[in-house]
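One file, upload07.csv, is given below (CSV, C-alpha atoms).
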```csv
chain,number,residue,atom,x,y,z
A,194,MET,CA,-2.7,-12.5,-18.9
A,195,ALA,CA,-3.1,-9.1,-17.2
A,196,PHE,CA,-3.4,-10.8,-13.8
A,197,ALA,CA,-0.2,-12.9,-14.5
A,198,LEU,CA,1.7,-9.7,-15.5
A,199,ARG,CA,0.6,-7.9,-12.4
A,200,LYS,CA,1.5,-10.9,-10.2
A,201,ALA,CA,5.0,-11.2,-11.8
A,202,THR,CA,5.6,-7.4,-11.4
A,203,THR,CA,4.5,-7.5,-7.7
A,204,TYR,CA,6.9,-10.5,-7.2
A,205,LEU,CA,9.8,-8.5,-8.7
A,206,VAL,CA,8.9,-5.3,-6.9
A,207,LYS,CA,8.9,-7.1,-3.5
A,208,ARG,CA,12.4,-8.5,-4.0
A,209,MET,CA,13.9,-5.5,-5.8
A,210,HIS,CA,16.7,-3.6,-4.1
A,211,LEU,CA,19.3,-0.9,-5.2
A,212,ARG,CA,22.2,-1.9,-2.9
A,213,PRO,CA,24.9,-2.1,-5.7
A,214,VAL,CA,23.5,0.8,-7.7
A,215,LYS,CA,25.1,4.2,-7.6
A,216,LYS,CA,23.0,6.2,-10.0
A,217,ILE,CA,20.0,5.8,-12.3
A,218,GLN,CA,19.1,8.3,-14.9
A,219,PHE,CA,15.8,8.3,-16.8
A,220,THR,CA,15.9,10.2,-20.2
A,221,PHE,CA,12.7,10.5,-22.2
A,222,ASP,CA,10.6,12.8,-24.3
A,223,PRO,CA,7.1,12.7,-22.7
A,224,TYR,CA,5.5,13.7,-26.1
A,225,MET,CA,6.7,10.4,-27.7
A,226,LYS,CA,4.6,7.3,-28.0
A,227,ASN,CA,6.5,4.6,-26.2
A,228,VAL,CA,7.3,6.2,-22.8
A,229,THR,CA,4.8,4.4,-20.7
A,230,SER,CA,7.2,1.6,-19.7
A,231,ILE,CA,10.0,4.0,-18.6
A,232,ARG,CA,7.6,6.1,-16.6
A,233,ASP,CA,6.2,3.1,-14.9
A,234,VAL,CA,9.7,1.8,-14.1
A,235,ALA,CA,10.6,5.2,-12.7
A,236,SER,CA,7.5,5.2,-10.5
A,237,THR,CA,8.3,1.6,-9.3
A,238,LEU,CA,11.9,2.4,-8.4
A,239,HIS,CA,10.9,5.5,-6.5
A,240,ARG,CA,8.8,3.4,-4.1
A,241,PRO,CA,9.9,4.2,-0.5
A,242,GLU,CA,10.6,0.5,0.3
A,243,ILE,CA,13.0,0.2,-2.6
A,244,LEU,CA,14.7,3.6,-1.9
A,245,GLU,CA,15.3,2.5,1.7
A,246,THR,CA,17.5,-0.4,0.5
A,247,ASN,CA,20.2,2.2,-0.5
A,248,GLN,CA,19.9,5.8,0.6
A,249,GLY,CA,22.9,6.7,-1.4
A,250,THR,CA,21.4,5.9,-4.8
A,251,ILE,CA,20.8,8.9,-7.0
A,252,LEU,CA,17.7,8.8,-9.2
A,253,LYS,CA,17.6,11.5,-11.8
A,254,PHE,CA,15.1,12.6,-14.5
A,255,ASP,CA,16.2,14.2,-17.8
A,256,ILE,CA,13.0,15.2,-19.5
A,257,LYS,CA,13.6,16.4,-23.1
A,258,SER,CA,11.5,17.7,-25.9
A,259,ASP,CA,13.6,16.8,-28.9
A,260,ARG,CA,12.2,13.4,-29.8
A,261,THR,CA,15.0,11.4,-28.1
A,262,GLU,CA,14.4,7.7,-27.6
A,263,PRO,CA,13.6,6.7,-24.0
A,264,ARG,CA,16.6,5.2,-22.1
A,265,ILE,CA,17.6,4.3,-18.6
A,266,ASP,CA,21.3,4.6,-17.6
A,267,VAL,CA,22.3,2.6,-14.6
A,268,ASP,CA,25.7,3.1,-12.9
A,269,PHE,CA,26.8,0.5,-10.5
A,270,ASN,CA,29.2,0.9,-7.5
A,271,ASP,CA,31.9,-1.3,-9.2
A,272,GLY,CA,32.0,1.1,-12.2
A,273,GLU,CA,29.9,-1.0,-14.6
A,274,LYS,CA,27.2,0.7,-16.6
A,275,LEU,CA,24.0,-0.7,-18.0
A,276,VAL,CA,21.8,1.0,-20.6
A,277,PHE,CA,18.2,0.2,-21.3
A,278,LYS,CA,16.7,1.4,-24.5
A,279,THR,CA,13.1,1.1,-23.4
A,280,ARG,CA,11.3,2.0,-26.6
A,281,ASN,CA,10.1,-1.6,-27.2
A,282,LEU,CA,10.5,-3.0,-23.7
A,283,SER,CA,7.8,-3.5,-21.2
A,284,GLN,CA,8.0,-2.6,-17.5
A,285,LEU,CA,8.3,-6.3,-16.5
A,286,GLU,CA,11.1,-7.0,-18.9
A,287,ILE,CA,13.1,-3.9,-17.7
A,288,LEU,CA,12.6,-4.8,-14.0
A,289,ASP,CA,13.5,-8.5,-14.7
A,290,TYR,CA,16.8,-7.7,-16.4
A,291,LEU,CA,17.7,-5.0,-13.7
A,292,PHE,CA,16.9,-7.5,-10.9
A,293,GLU,CA,19.3,-10.1,-12.5
A,294,TYR,CA,22.2,-7.6,-12.5
A,295,VAL,CA,21.3,-6.2,-9.1
A,296,GLU,CA,21.2,-9.7,-7.5
A,297,GLU,CA,24.5,-10.7,-9.1
A,298,LYS,CA,26.3,-7.6,-7.7
A,299,ASP,CA,24.5,-7.5,-4.4
A,300,PRO,CA,27.2,-6.9,-1.7
A,301,ARG,CA,25.1,-8.8,0.9
A,302,LYS,CA,24.8,-11.9,-1.3
A,303,ASN,CA,26.9,-14.1,0.9
A,304,GLU,CA,25.6,-12.9,4.2
A,305,GLY,CA,23.2,-15.0,6.2
A,306,PRO,CA,19.8,-13.8,7.5
A,307,GLU,CA,19.9,-11.5,10.6
A,308,LEU,CA,19.5,-13.4,13.8
A,309,ALA,CA,17.4,-11.9,16.6
A,310,THR,CA,19.3,-12.8,19.9
A,311,LYS,CA,17.7,-13.2,23.3
A,312,ALA,CA,19.4,-10.2,24.6
A,313,SER,CA,18.0,-7.9,21.9
A,314,LYS,CA,14.5,-9.4,22.3
A,315,GLY,CA,14.4,-9.6,26.2
A,316,GLY,CA,16.7,-6.6,27.0
A,317,GLY,CA,13.8,-4.2,27.6
A,318,LYS,CA,11.8,-6.7,29.6
A,319,GLY,CA,14.8,-7.6,31.8
A,320,GLY,CA,15.6,-4.0,32.5
A,321,LYS,CA,12.0,-3.2,33.5
A,322,GLY,CA,11.7,-6.3,35.7
A,323,LYS,CA,14.8,-5.7,37.8
A,324,LYS,CA,14.2,-4.2,41.2
A,325,ARG,CA,16.5,-1.5,42.5
A,326,LYS,CA,17.9,-2.1,46.0
B,78,MET,CA,-50.2,-44.8,7.4
B,79,ALA,CA,-46.5,-45.5,8.4
B,80,PHE,CA,-46.2,-47.8,5.4
B,81,ILE,CA,-47.3,-45.0,3.1
B,82,TRP,CA,-44.8,-42.6,4.6
B,83,GLN,CA,-42.0,-45.1,4.3
B,84,THR,CA,-42.9,-45.7,0.6
B,85,LEU,CA,-43.0,-42.0,-0.1
B,86,ARG,CA,-39.6,-41.6,1.6
B,87,MET,CA,-38.0,-44.2,-0.8
B,88,PHE,CA,-39.0,-42.2,-3.8
B,89,SER,CA,-38.4,-38.7,-2.4
B,90,THR,CA,-35.0,-37.1,-2.7
B,91,THR,CA,-35.9,-34.1,-0.6
B,92,HIS,CA,-37.4,-35.7,2.4
B,93,GLN,CA,-35.3,-35.5,5.6
B,94,SER,CA,-35.7,-37.2,8.9
B,95,MET,CA,-36.6,-34.9,11.7
B,96,GLY,CA,-33.9,-34.2,14.2
B,97,THR,CA,-31.0,-35.6,12.2
B,98,LYS,CA,-28.2,-33.7,10.5
B,99,ILE,CA,-28.3,-32.8,6.8
B,100,ASN,CA,-26.2,-35.1,4.7
B,101,ILE,CA,-24.2,-32.9,2.3
B,102,GLN,CA,-21.0,-34.7,1.7
B,103,LYS,CA,-22.2,-38.2,1.0
B,104,PRO,CA,-25.5,-38.0,-0.8
B,105,ARG,CA,-27.5,-41.2,-1.0
B,106,MET,CA,-27.8,-42.9,-4.4
B,107,PRO,CA,-31.3,-42.3,-5.7
B,108,TRP,CA,-33.7,-45.2,-6.1
B,109,ILE,CA,-33.4,-47.2,-9.4
B,110,GLU,CA,-36.5,-45.5,-11.0
B,111,ARG,CA,-35.2,-42.1,-10.2
B,112,ARG,CA,-31.8,-43.0,-11.7
B,113,ILE,CA,-33.5,-44.2,-14.9
B,114,LEU,CA,-35.6,-41.0,-15.1
B,115,ASN,CA,-32.4,-38.8,-14.6
B,116,SER,CA,-30.5,-40.7,-17.4
B,117,VAL,CA,-33.4,-40.5,-19.8
B,118,THR,CA,-34.1,-36.8,-19.3
B,119,GLU,CA,-30.5,-35.7,-19.3
B,120,PRO,CA,-30.0,-33.1,-22.1
B,121,LEU,CA,-27.9,-34.0,-25.1
B,122,VAL,CA,-25.5,-31.1,-25.6
B,123,PRO,CA,-23.5,-31.1,-28.8
B,124,PRO,CA,-19.7,-31.2,-28.3
B,125,ASP,CA,-17.9,-27.9,-28.2
B,126,LEU,CA,-15.5,-28.0,-31.1
B,127,ARG,CA,-14.0,-24.5,-30.6
B,128,SER,CA,-10.4,-24.1,-29.7
B,129,LEU,CA,-9.3,-23.5,-26.1
B,130,PRO,CA,-8.3,-19.8,-26.8
B,131,GLN,CA,-11.8,-19.1,-28.1
B,132,LYS,CA,-13.4,-20.7,-25.1
B,133,CYS,CA,-11.2,-18.7,-22.7
B,134,LEU,CA,-11.9,-15.5,-24.6
B,135,GLU,CA,-15.6,-16.1,-24.3
B,136,LYS,CA,-15.3,-16.6,-20.6
B,137,HIS,CA,-13.2,-13.5,-20.3
B,138,LEU,CA,-15.7,-11.4,-22.3
B,139,ILE,CA,-18.6,-12.6,-20.2
B,140,LYS,CA,-16.8,-11.6,-17.0
B,141,GLN,CA,-15.8,-8.2,-18.5
B,142,ASN,CA,-19.4,-7.5,-19.7
B,143,ALA,CA,-20.8,-8.4,-16.3
B,144,TYR,CA,-19.1,-5.3,-14.8
B,145,LYS,CA,-20.3,-3.0,-17.5
B,146,SER,CA,-23.3,-0.8,-17.1
B,147,GLU,CA,-24.6,1.7,-19.6
B,148,LEU,CA,-25.7,4.1,-16.9
B,149,GLN,CA,-22.3,4.1,-15.3
B,150,GLU,CA,-20.5,4.5,-18.6
B,151,ALA,CA,-22.7,7.5,-19.5
B,152,TYR,CA,-22.1,9.0,-16.0
B,153,GLU,CA,-18.4,8.5,-16.4
B,154,ALA,CA,-18.3,10.1,-19.8
B,155,PHE,CA,-20.4,13.1,-18.6
B,156,SER,CA,-18.4,13.7,-15.5
B,157,THR,CA,-15.0,13.4,-17.3
B,158,LYS,CA,-16.1,15.8,-20.0
B,159,ASP,CA,-17.5,18.2,-17.4
B,160,THR,CA,-14.2,18.0,-15.4
B,161,PHE,CA,-12.2,18.7,-18.5
B,162,GLU,CA,-14.3,21.7,-19.5
B,163,LYS,CA,-13.8,23.2,-16.0
B,164,LEU,CA,-10.1,22.2,-15.9
B,165,PHE,CA,-9.2,24.1,-19.1
B,166,GLU,CA,-11.0,27.2,-18.0
B,167,HIS,CA,-7.8,27.8,-15.9
B,168,LYS,CA,-4.9,29.8,-17.5
B,169,ILE,CA,-2.3,27.2,-16.6
B,170,VAL,CA,-2.8,23.5,-16.7
B,171,ALA,CA,0.6,21.7,-16.1
B,172,ILE,CA,0.8,18.0,-16.4
B,173,CYS,CA,3.3,16.3,-14.1
B,174,HIS,CA,4.5,12.8,-13.5
B,175,ILE,CA,3.8,12.0,-9.8
B,176,LEU,CA,6.2,9.7,-8.0
B,177,PRO,CA,5.1,7.4,-5.2
B,178,MET,CA,5.3,9.0,-1.7
B,179,THR,CA,3.8,8.6,1.8
B,180,SER,CA,0.6,10.3,2.7
B,181,ARG,CA,2.5,12.7,4.9
B,182,ASP,CA,4.8,13.7,2.1
B,183,PHE,CA,1.8,14.1,-0.2
B,184,PHE,CA,0.2,16.5,2.3
B,185,GLN,CA,3.4,18.6,2.3
B,186,VAL,CA,3.3,18.7,-1.5
B,187,ARG,CA,-0.3,19.9,-1.4
B,188,VAL,CA,0.5,22.6,1.1
B,189,LYS,CA,3.4,23.8,-1.0
B,190,MET,CA,1.2,24.0,-4.1
B,191,HIS,CA,-1.6,25.8,-2.1
B,192,ASN,CA,0.9,28.3,-0.8
B,193,ALA,CA,2.0,29.0,-4.4
B,194,GLY,CA,-1.6,29.5,-5.4
B,195,MET,CA,-2.0,26.2,-7.3
B,196,LYS,CA,-4.4,23.3,-7.1
B,197,LEU,CA,-3.7,19.5,-7.7
B,198,LYS,CA,-6.2,17.5,-9.6
B,199,PHE,CA,-6.2,13.7,-10.5
B,200,VAL,CA,-8.1,12.4,-13.6
B,201,ASN,CA,-8.3,8.8,-14.8
B,202,ASN,CA,-6.2,8.5,-18.0
B,203,ILE,CA,-8.6,6.2,-19.9
B,204,LEU,CA,-11.6,8.5,-19.2
B,205,ALA,CA,-9.5,11.6,-20.0
B,206,LYS,CA,-8.4,10.3,-23.4
B,207,ALA,CA,-12.1,9.5,-24.2
B,208,ALA,CA,-13.1,13.0,-23.1
B,209,ILE,CA,-10.7,14.9,-25.2
B,210,GLN,CA,-11.3,13.1,-28.4
B,211,LYS,CA,-12.4,15.4,-31.3
B,212,SER,CA,-11.8,18.5,-29.2
B,213,LYS,CA,-9.1,21.2,-29.3
B,214,LEU,CA,-7.2,19.3,-26.5
B,215,GLN,CA,-6.8,16.2,-28.6
B,216,ASN,CA,-3.0,16.7,-28.8
B,217,LEU,CA,-2.6,16.3,-25.1
B,218,GLU,CA,-3.4,12.6,-25.5
B,219,LEU,CA,0.3,11.5,-25.5
B,220,TYR,CA,0.8,12.9,-22.1
B,221,LEU,CA,-2.0,10.9,-20.6
B,222,THR,CA,-0.2,7.7,-19.7
B,223,SER,CA,1.2,6.3,-16.5
B,224,HIS,CA,0.9,8.3,-13.2
B,225,ASN,CA,-0.2,11.9,-13.9
B,226,VAL,CA,-1.4,14.8,-11.9
B,227,PHE,CA,-2.7,18.2,-13.2
B,228,ILE,CA,-1.6,21.4,-11.5
B,229,LEU,CA,-4.1,24.2,-12.1
B,230,CYS,CA,-3.8,27.9,-11.7
B,231,GLU,CA,-6.3,30.6,-12.6
B,232,GLU,CA,-3.6,33.2,-13.3
B,233,THR,CA,-0.5,33.0,-15.5
B,234,LYS,CA,2.0,32.5,-12.7
B,235,LEU,CA,4.7,30.5,-14.5
B,236,ALA,CA,7.6,31.7,-12.4
B,237,GLN,CA,5.8,30.7,-9.1
B,238,LEU,CA,4.9,27.4,-10.6
B,239,MET,CA,8.6,26.7,-11.6
B,240,LEU,CA,9.7,27.7,-8.1
B,241,ALA,CA,7.2,25.5,-6.4
B,242,LEU,CA,8.1,22.5,-8.6
B,243,LYS,CA,11.8,23.1,-7.9
B,244,LYS,CA,11.1,22.4,-4.3
B,245,THR,CA,9.0,19.3,-4.9
B,246,PRO,CA,11.2,16.6,-6.6
B,247,GLU,CA,8.2,14.2,-6.3
B,248,LEU,CA,6.5,16.0,-9.2
B,249,GLN,CA,8.3,16.0,-12.6
B,250,LEU,CA,6.9,18.5,-15.1
B,251,LEU,CA,6.2,17.1,-18.5
B,252,GLY,CA,4.4,19.9,-20.2
B,253,GLY,CA,1.1,21.6,-20.2
B,254,LEU,CA,-1.4,24.1,-21.5
B,255,VAL,CA,-0.6,27.8,-21.0
B,256,GLU,CA,-3.3,30.2,-22.2
B,257,ASP,CA,-4.6,27.7,-24.9
B,258,ARG,CA,-1.1,26.8,-26.1
B,259,ILE,CA,0.5,23.4,-25.6
B,260,LEU,CA,4.0,23.9,-24.3
B,261,SER,CA,6.8,21.4,-23.5
B,262,ARG,CA,8.8,21.5,-20.3
B,263,ALA,CA,11.7,23.4,-21.9
B,264,LYS,CA,9.3,26.1,-23.3
B,265,MET,CA,7.5,26.5,-20.0
B,266,GLN,CA,10.9,27.0,-18.3
B,267,GLU,CA,11.9,29.6,-20.9
B,268,ALA,CA,8.5,31.4,-20.6
B,269,ALA,CA,8.9,31.5,-16.8
B,270,LYS,CA,12.2,33.5,-17.2
B,271,LEU,CA,10.6,36.2,-19.3
B,272,PRO,CA,9.8,39.5,-17.6
B,273,SER,CA,6.2,40.8,-17.2
B,274,LEU,CA,4.1,42.0,-20.1
B,275,ASP,CA,4.3,45.7,-19.2
B,276,VAL,CA,8.1,45.5,-19.0
B,277,MET,CA,8.2,43.9,-22.4
B,278,ARG,CA,5.9,46.5,-23.9
B,279,GLY,CA,8.1,49.2,-22.5
B,280,GLU,CA,11.2,47.5,-24.1
B,281,LEU,CA,9.4,47.3,-27.4
B,282,LEU,CA,8.5,51.0,-27.4
B,283,THR,CA,12.1,51.9,-26.6
B,284,ILE,CA,13.4,49.7,-29.5
B,285,LEU,CA,10.9,51.3,-31.9
B,286,SER,CA,11.8,54.8,-30.8
B,287,THR,CA,15.6,54.2,-30.8
B,288,SER,CA,15.9,54.4,-34.6
B,289,ALA,CA,13.9,57.6,-34.9
B,290,CYS,CA,16.0,59.2,-32.1
B,291,LYS,CA,19.2,58.1,-33.7
B,292,THR,CA,18.1,59.6,-37.1
B,293,SER,CA,17.2,62.9,-35.6
B,294,SER,CA,20.5,63.1,-33.6
B,295,LEU,CA,22.5,62.3,-36.7
B,296,LEU,CA,20.7,65.0,-38.7
B,297,GLY,CA,21.2,67.7,-36.1
B,298,LYS,CA,24.8,66.6,-35.1
B,299,HIS,CA,26.6,69.2,-37.2
B,300,GLN,CA,24.4,72.1,-36.1
B,301,THR,CA,24.9,71.2,-32.4
B,302,GLU,CA,28.6,70.9,-32.9
B,303,LEU,CA,28.8,74.2,-34.7
B,304,SER,CA,26.7,76.0,-32.0
B,305,SER,CA,28.8,74.6,-29.2
B,306,ILE,CA,32.1,75.7,-30.9
B,307,LEU,CA,30.7,79.2,-31.5
B,308,THR,CA,29.5,79.6,-27.9
B,309,GLN,CA,33.0,78.5,-26.7
B,310,LEU,CA,34.6,81.0,-29.1
B,311,VAL,CA,32.4,83.9,-27.8
B,312,LYS,CA,33.3,83.0,-24.2
B,313,GLU,CA,37.0,83.0,-25.0
B,314,ARG,CA,36.8,86.4,-26.8
B,315,SER,CA,34.7,88.0,-24.0
B,316,ILE,CA,37.4,86.9,-21.5
B,317,CYS,CA,40.1,88.3,-23.6
```

How does this structure look as structure tokens?
Amino acid sequence: MAFALRKATTYLVKRMHLRPVKKIQFTFDPYMKNVTSIRDVASTLHRPEILETNQGTILKFDIKSDRTEPRIDVDFNDGEKLVFKTRNLSQLEILDYLFEYVEEKDPRKNEGPELATKASKGGGKGGKGKKRK
Amino acid sequence: MAFIWQTLRMFSTTHQSMGTKINIQKPRMPWIERRILNSVTEPLVPPDLRSLPQKCLEKHLIKQNAYKSELQEAYEAFSTKDTFEKLFEHKIVAICHILPMTSRDFFQVRVKMHNAGMKLKFVNNILAKAAIQKSKLQNLELYLTSHNVFILCEETKLAQLMLALKKTPELQLLGGLVEDRILSRAKMQEAAKLPSLDVMRGELLTILSTSACKTSSLLGKHQTELSSILTQLVKERSIC
């Protein structure tokens, strides 16, 4: 079971991106019991490969000490907001729901894969091989 | 002699011809007498009537126990307890959530902490929870989940710690132990803004002496006023 969870989480993390996301705020009280999932999600979304997908996304922490329930506030570029109350959610569930929204709003959804042209591949080699007269 | 060898070869399952390859993939069917012997001596195992989850759990437990070792567990318990005893000899032990970063960025963070007079220490959460059970640090258990790092300082330099953490967004302060007291993040930030102990002692002394000064000034107010008026009057009469 643990292996299956790890496998599913790795699958999601490899495909995760933040292109349509404007801001994510993590609010939690670290002295409460059910904050493991929100902390794990925060660590996952701060991975360099996910941050690189959108340099303009703001990831903010709001650490409190007044027994507030853990929540994640996600603001998208089109103005829509998504709130996760993560007290009874696991890391995989949060990432799964977030991935669904992010894939739906992805601005690059209808674009094809990037094609590597001959010029871009052999441009360096052609330049070096040419003899100057 | 050759006949004896050939007969022996018919009954032997281990005999191989010299110079030929070993046949692994298509083993020869044993001779009839061998087959009878195998079927007669095959053990009769009673059918396993347990449910599938129980069988899976047994397999899982066997695999788990194969990695366990009493000596290793004892060593881990001892080393974690020893680490914690040394850890909490420091005046400040701040617990931070560490975000993923490249090794180069992590080196920069370590340098910043070193320049501020702090040390970084990593401890396994499961071992840490076991180590602090039934000790005065038991209430720190709730902080010990997910990705943690301990920031240690031998002196009470809260202001420097806050300044260093402000410059490192990869470390998010959760709380910690300051001079044997568990403080939350907000309390640590408030404590960092306080002036030094000597300044506060001076302020306390002035507050205590203010009431006495005020009482003495009120009591002698009329005498001082009278004496100042009389001196003014003497000066005016002498001029005239």

Enumerate, in order of chain and increasing residue number, the residues of chain B with an atom no farther than 10 Å from chain A, each with its shortest atom pair and distance in Å to one decimal, counting all atoms listed in the file, as CSV.
```
residue,atom,partner,partner_atom,distance
B:His174,CA,A:Arg232,CA,8.0
B:Ile175,CA,A:Ser236,CA,7.8
B:Leu176,CA,A:Ser236,CA,5.3
B:Pro177,CA,A:Arg240,CA,5.6
B:Met178,CA,A:Pro241,CA,6.8
B:Thr179,CA,A:Pro241,CA,7.9
B:Asn216,CA,A:Tyr224,CA,9.4
B:Leu217,CA,A:Tyr224,CA,8.6
B:Glu218,CA,A:Tyr224,CA,9.0
B:Leu219,CA,A:Tyr224,CA,5.7
B:Tyr220,CA,A:Tyr224,CA,6.2
B:Leu221,CA,A:Thr229,CA,9.4
B:Thr222,CA,A:Thr229,CA,6.1
B:Ser223,CA,A:Thr229,CA,5.8
B:His224,CA,A:Asp233,CA,7.6
B:Pro246,CA,A:Phe254,CA,9.7
B:Glu247,CA,A:His239,CA,9.1
B:Gln249,CA,A:Phe254,CA,7.8
B:Leu250,CA,A:Ile256,CA,8.2
B:Leu251,CA,A:Pro223,CA,6.1
B:Gly252,CA,A:Pro223,CA,8.1
B:Leu260,CA,A:Ser258,CA,9.9
B:Ser261,CA,A:Ser258,CA,6.4
B:Arg262,CA,A:Ser258,CA,7.3
B:Ala263,CA,A:Ser258,CA,7.0
B:Lys264,CA,A:Ser258,CA,9.1
```

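What separates CA of Lys215 (chain A) from CA of Phe183 (chain B) is a distance of 26.4 Å.
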
| query | Could you work out how far CA of Thr261 (chain A) lies from CA of Glu273 (chain A), giving the answer in Å with one decimal? | reply | 23.6 Å

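CA of Glu262 (chain A) sits 22.9 Å away from CA of Tyr294 (chain A).
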
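Using only C-alpha atoms, the nearest neighbour of Lys207 (chain A) within the list A:Leu288, A:Val267, A:Leu275, A:Lys311 is A:Leu288.
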
Reconstruct region 249-256 of chain A at the level of all heavy atoms, and format the result as a PDB file, keeping the file's coordinate frame.
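Ended up saving to result.pdb:
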```pdb
ATOM      1  N   GLY A 249      21.926   5.990  -0.656  1.00  0.00           N
ATOM      2  CA  GLY A 249      22.900   6.700  -1.400  1.00  0.00           C
ATOM      3  C   GLY A 249      22.677   6.688  -2.935  1.00  0.00           C
ATOM      4  O   GLY A 249      23.393   7.341  -3.699  1.00  0.00           O
ATOM      5  N   THR A 250      21.689   5.950  -3.388  1.00  0.00           N
ATOM      6  CA  THR A 250      21.400   5.900  -4.800  1.00  0.00           C
ATOM      7  C   THR A 250      20.806   7.173  -5.322  1.00  0.00           C
ATOM      8  O   THR A 250      19.875   7.687  -4.708  1.00  0.00           O
ATOM      9  CB  THR A 250      20.453   4.724  -5.141  1.00  0.00           C
ATOM     10  OG1 THR A 250      20.944   3.535  -4.540  1.00  0.00           O
ATOM     11  CG2 THR A 250      20.316   4.495  -6.638  1.00  0.00           C
ATOM     12  N   ILE A 251      21.329   7.674  -6.453  1.00  0.00           N
ATOM     13  CA  ILE A 251      20.800   8.900  -7.000  1.00  0.00           C
ATOM     14  C   ILE A 251      19.871   8.536  -8.176  1.00  0.00           C
ATOM     15  O   ILE A 251      20.277   7.840  -9.110  1.00  0.00           O
ATOM     16  CB  ILE A 251      21.917   9.828  -7.544  1.00  0.00           C
ATOM     17  CG1 ILE A 251      22.880  10.163  -6.415  1.00  0.00           C
ATOM     18  CG2 ILE A 251      21.356  11.099  -8.142  1.00  0.00           C
ATOM     19  CD1 ILE A 251      24.192  10.748  -6.885  1.00  0.00           C
ATOM     20  N   LEU A 252      18.633   9.009  -8.117  1.00  0.00           N
ATOM     21  CA  LEU A 252      17.700   8.800  -9.200  1.00  0.00           C
ATOM     22  C   LEU A 252      17.362  10.109  -9.849  1.00  0.00           C
ATOM     23  O   LEU A 252      16.886  11.023  -9.185  1.00  0.00           O
ATOM     24  CB  LEU A 252      16.382   8.148  -8.630  1.00  0.00           C
ATOM     25  CG  LEU A 252      16.560   6.739  -8.091  1.00  0.00           C
ATOM     26  CD1 LEU A 252      15.576   6.455  -7.003  1.00  0.00           C
ATOM     27  CD2 LEU A 252      16.375   5.732  -9.194  1.00  0.00           C
ATOM     28  N   LYS A 253      17.679  10.208 -11.143  1.00  0.00           N
ATOM     29  CA  LYS A 253      17.600  11.500 -11.800  1.00  0.00           C
ATOM     30  C   LYS A 253      16.693  11.420 -13.044  1.00  0.00           C
ATOM     31  O   LYS A 253      16.698  10.422 -13.763  1.00  0.00           O
ATOM     32  CB  LYS A 253      18.994  11.919 -12.234  1.00  0.00           C
ATOM     33  CG  LYS A 253      19.206  13.391 -12.312  1.00  0.00           C
ATOM     34  CD  LYS A 253      20.636  13.710 -12.657  1.00  0.00           C
ATOM     35  CE  LYS A 253      20.726  15.138 -13.116  1.00  0.00           C
ATOM     36  NZ  LYS A 253      22.013  15.470 -13.685  1.00  0.00           N
ATOM     37  N   PHE A 254      15.941  12.494 -13.280  1.00  0.00           N
ATOM     38  CA  PHE A 254      15.100  12.600 -14.500  1.00  0.00           C
ATOM     39  C   PHE A 254      15.719  13.586 -15.446  1.00  0.00           C
ATOM     40  O   PHE A 254      16.159  14.654 -15.046  1.00  0.00           O
ATOM     41  CB  PHE A 254      13.701  13.085 -14.113  1.00  0.00           C
ATOM     42  CG  PHE A 254      12.807  12.015 -13.593  1.00  0.00           C
ATOM     43  CD1 PHE A 254      12.836  11.655 -12.268  1.00  0.00           C
ATOM     44  CD2 PHE A 254      11.933  11.362 -14.440  1.00  0.00           C
ATOM     45  CE1 PHE A 254      12.010  10.662 -11.784  1.00  0.00           C
ATOM     46  CE2 PHE A 254      11.103  10.369 -13.972  1.00  0.00           C
ATOM     47  CZ  PHE A 254      11.143  10.015 -12.635  1.00  0.00           C
ATOM     48  N   ASP A 255      15.719  13.222 -16.740  1.00  0.00           N
ATOM     49  CA  ASP A 255      16.200  14.200 -17.800  1.00  0.00           C
ATOM     50  C   ASP A 255      15.065  14.191 -18.821  1.00  0.00           C
ATOM     51  O   ASP A 255      15.026  13.382 -19.750  1.00  0.00           O
ATOM     52  CB  ASP A 255      17.498  13.651 -18.363  1.00  0.00           C
ATOM     53  CG  ASP A 255      18.105  14.678 -19.290  1.00  0.00           C
ATOM     54  OD1 ASP A 255      17.621  15.829 -19.307  1.00  0.00           O
ATOM     55  OD2 ASP A 255      19.059  14.335 -20.020  1.00  0.00           O
ATOM     56  N   ILE A 256      14.151  15.157 -18.642  1.00  0.00           N
ATOM     57  CA  ILE A 256      13.000  15.200 -19.500  1.00  0.00           C
ATOM     58  C   ILE A 256      13.283  16.171 -20.662  1.00  0.00           C
ATOM     59  O   ILE A 256      13.573  17.343 -20.433  1.00  0.00           O
ATOM     60  CB  ILE A 256      11.734  15.663 -18.738  1.00  0.00           C
ATOM     61  CG1 ILE A 256      11.420  14.615 -17.670  1.00  0.00           C
ATOM     62  CG2 ILE A 256      10.545  15.825 -19.664  1.00  0.00           C
ATOM     63  CD1 ILE A 256      10.399  15.037 -16.671  1.00  0.00           C
TER      64      ILE A 256
END
```
